[in-house]
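**Student:** Provided below: data_33.cif, containing mmCIF, C-alpha atoms.
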```cif
data_coords
loop_
_atom_site.label_atom_id
_atom_site.label_comp_id
_atom_site.auth_asym_id
_atom_site.auth_seq_id
_atom_site.Cartn_x
_atom_site.Cartn_y
_atom_site.Cartn_z
CA MET A 1 -15.21 -12.47 1.39
CA SER A 2 -15.99 -8.77 1.20
CA GLY A 3 -13.69 -5.89 2.03
CA LYS A 4 -13.07 -4.76 5.59
CA TYR A 5 -11.97 -1.77 7.63
CA GLU A 6 -8.99 -2.14 9.96
CA LEU A 7 -8.22 0.14 12.91
CA TYR A 8 -4.54 0.19 13.88
CA SER A 9 -1.81 2.20 15.62
CA ASP A 10 0.74 3.86 13.36
CA GLN A 11 4.48 4.50 13.74
CA SER A 12 3.94 7.94 15.31
CA SER A 13 1.85 6.49 18.19
CA GLY A 14 -1.33 7.70 16.51
CA PHE A 15 -4.31 5.74 15.24
CA ARG A 16 -5.49 5.19 11.68
CA PHE A 17 -8.01 3.12 9.80
CA ARG A 18 -7.76 1.62 6.36
CA LEU A 19 -10.11 -0.07 3.94
CA LYS A 20 -8.92 -3.35 2.46
CA ALA A 21 -10.46 -4.96 -0.60
CA SER A 22 -11.45 -8.62 -0.56
CA ASN A 23 -8.13 -9.50 -2.22
CA GLY A 24 -6.17 -7.81 0.60
CA ASP A 25 -5.17 -4.68 -1.33
CA ILE A 26 -5.34 -1.44 0.66
CA VAL A 27 -7.93 0.81 -0.99
CA MET A 28 -7.58 3.83 1.30
CA THR A 29 -5.86 4.93 4.50
CA SER A 30 -7.02 7.64 6.87
CA GLU A 31 -5.12 10.51 8.38
CA SER A 32 -3.44 9.93 11.76
CA TYR A 33 -5.61 10.60 14.82
CA LYS A 34 -4.22 11.32 18.30
CA THR A 35 -6.67 9.02 20.09
CA LYS A 36 -8.31 5.72 19.29
CA ALA A 37 -11.72 7.27 19.99
CA SER A 38 -11.08 9.97 17.38
CA ALA A 39 -10.06 7.35 14.83
CA GLU A 40 -13.22 5.36 15.57
CA GLN A 41 -15.32 8.51 15.05
CA GLY A 42 -13.52 9.18 11.75
CA LEU A 43 -14.18 5.62 10.66
CA GLU A 44 -17.86 5.94 11.50
CA ARG A 45 -18.08 9.17 9.47
CA ALA A 46 -16.34 7.52 6.52
CA GLN A 47 -18.70 4.55 6.62
CA ARG A 48 -21.78 6.80 6.77
CA THR A 49 -20.75 9.06 3.91
CA ALA A 50 -19.16 6.47 1.61
CA THR A 51 -22.47 5.43 0.05
CA THR A 52 -23.76 8.97 -0.54
CA THR A 53 -20.64 10.86 -1.55
CA ARG A 54 -20.40 11.91 -5.18
CA VAL A 55 -17.24 11.67 -7.26
CA VAL A 56 -15.81 14.91 -8.65
CA ASP A 57 -13.44 14.38 -11.58
CA LEU A 58 -10.66 16.92 -11.14
CA THR A 59 -8.82 15.56 -14.17
CA ALA A 60 -11.47 16.76 -16.62
CA ALA A 61 -9.41 19.84 -17.49
CA VAL A 62 -6.26 17.77 -18.10
CA SER A 63 -5.78 16.71 -21.71
CA GLU A 64 -5.08 13.05 -22.28
#
```
Now, as a test, write the supplied structure out as structure tokens.

**Tutor:**
Amino acid sequence: MSGKYELYSDQSSGFRFRLKASNGDIVMTSESYKTKASAEQGLERAQRTATTTRVVDLTAAVSE
């Protein structure tokens, strides 16, 4: 089974989406949206950009 996105209502009566890995772990959670339609639009944007977005390592300046 592959990962999946879930759209849900949060405790503040808003709407969020999250990405769950195939093992059930939550990989990411969105901000809270006021309407379900807005959350759906945010989810669509996330799905479109996820495959083309580059990773910027902001820890490069931090010594290990």

**Student:** Once the PyMOL selection byres ((chain A and resi 8) around 12) has been evaluated on this model, what residues remain selected, and can you format them as a VMD selection string?

**Tutor:** chain A and resid 5 to 7 9 to 19 29 to 37 39 to 40 43

**Student:** What's the separation between atom CA of A:Arg45 and atom CA of A:Asp25, in Å to one decimal place?

**Tutor:**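 Atom CA of A:Arg45 sits 21.8 Å away from atom CA of A:Asp25.
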
**Student:** Between atom CA of A:Lys4 and atom CA of A:Gly42, what is the spacing in Å?

**Tutor:**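 Distance between the two atoms: 15.2 Å.
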
**Student:** Could you tell me how far atom CA of A:Gly3 lies from atom CA of A:Met28, in Å and to one decimal?

**Tutor:**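 Taking atom CA of A:Gly3 and atom CA of A:Met28, their separation equals 11.5 Å.
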
**Student:** Measuring atom to atom with only C-alpha atoms, identify which of A:Glu44, A:Ser2, A:Val62, A:Ser38 is nearest to A:Ala21.

**Tutor:**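 Smallest distance to A:Ala21 is found for A:Ser2.
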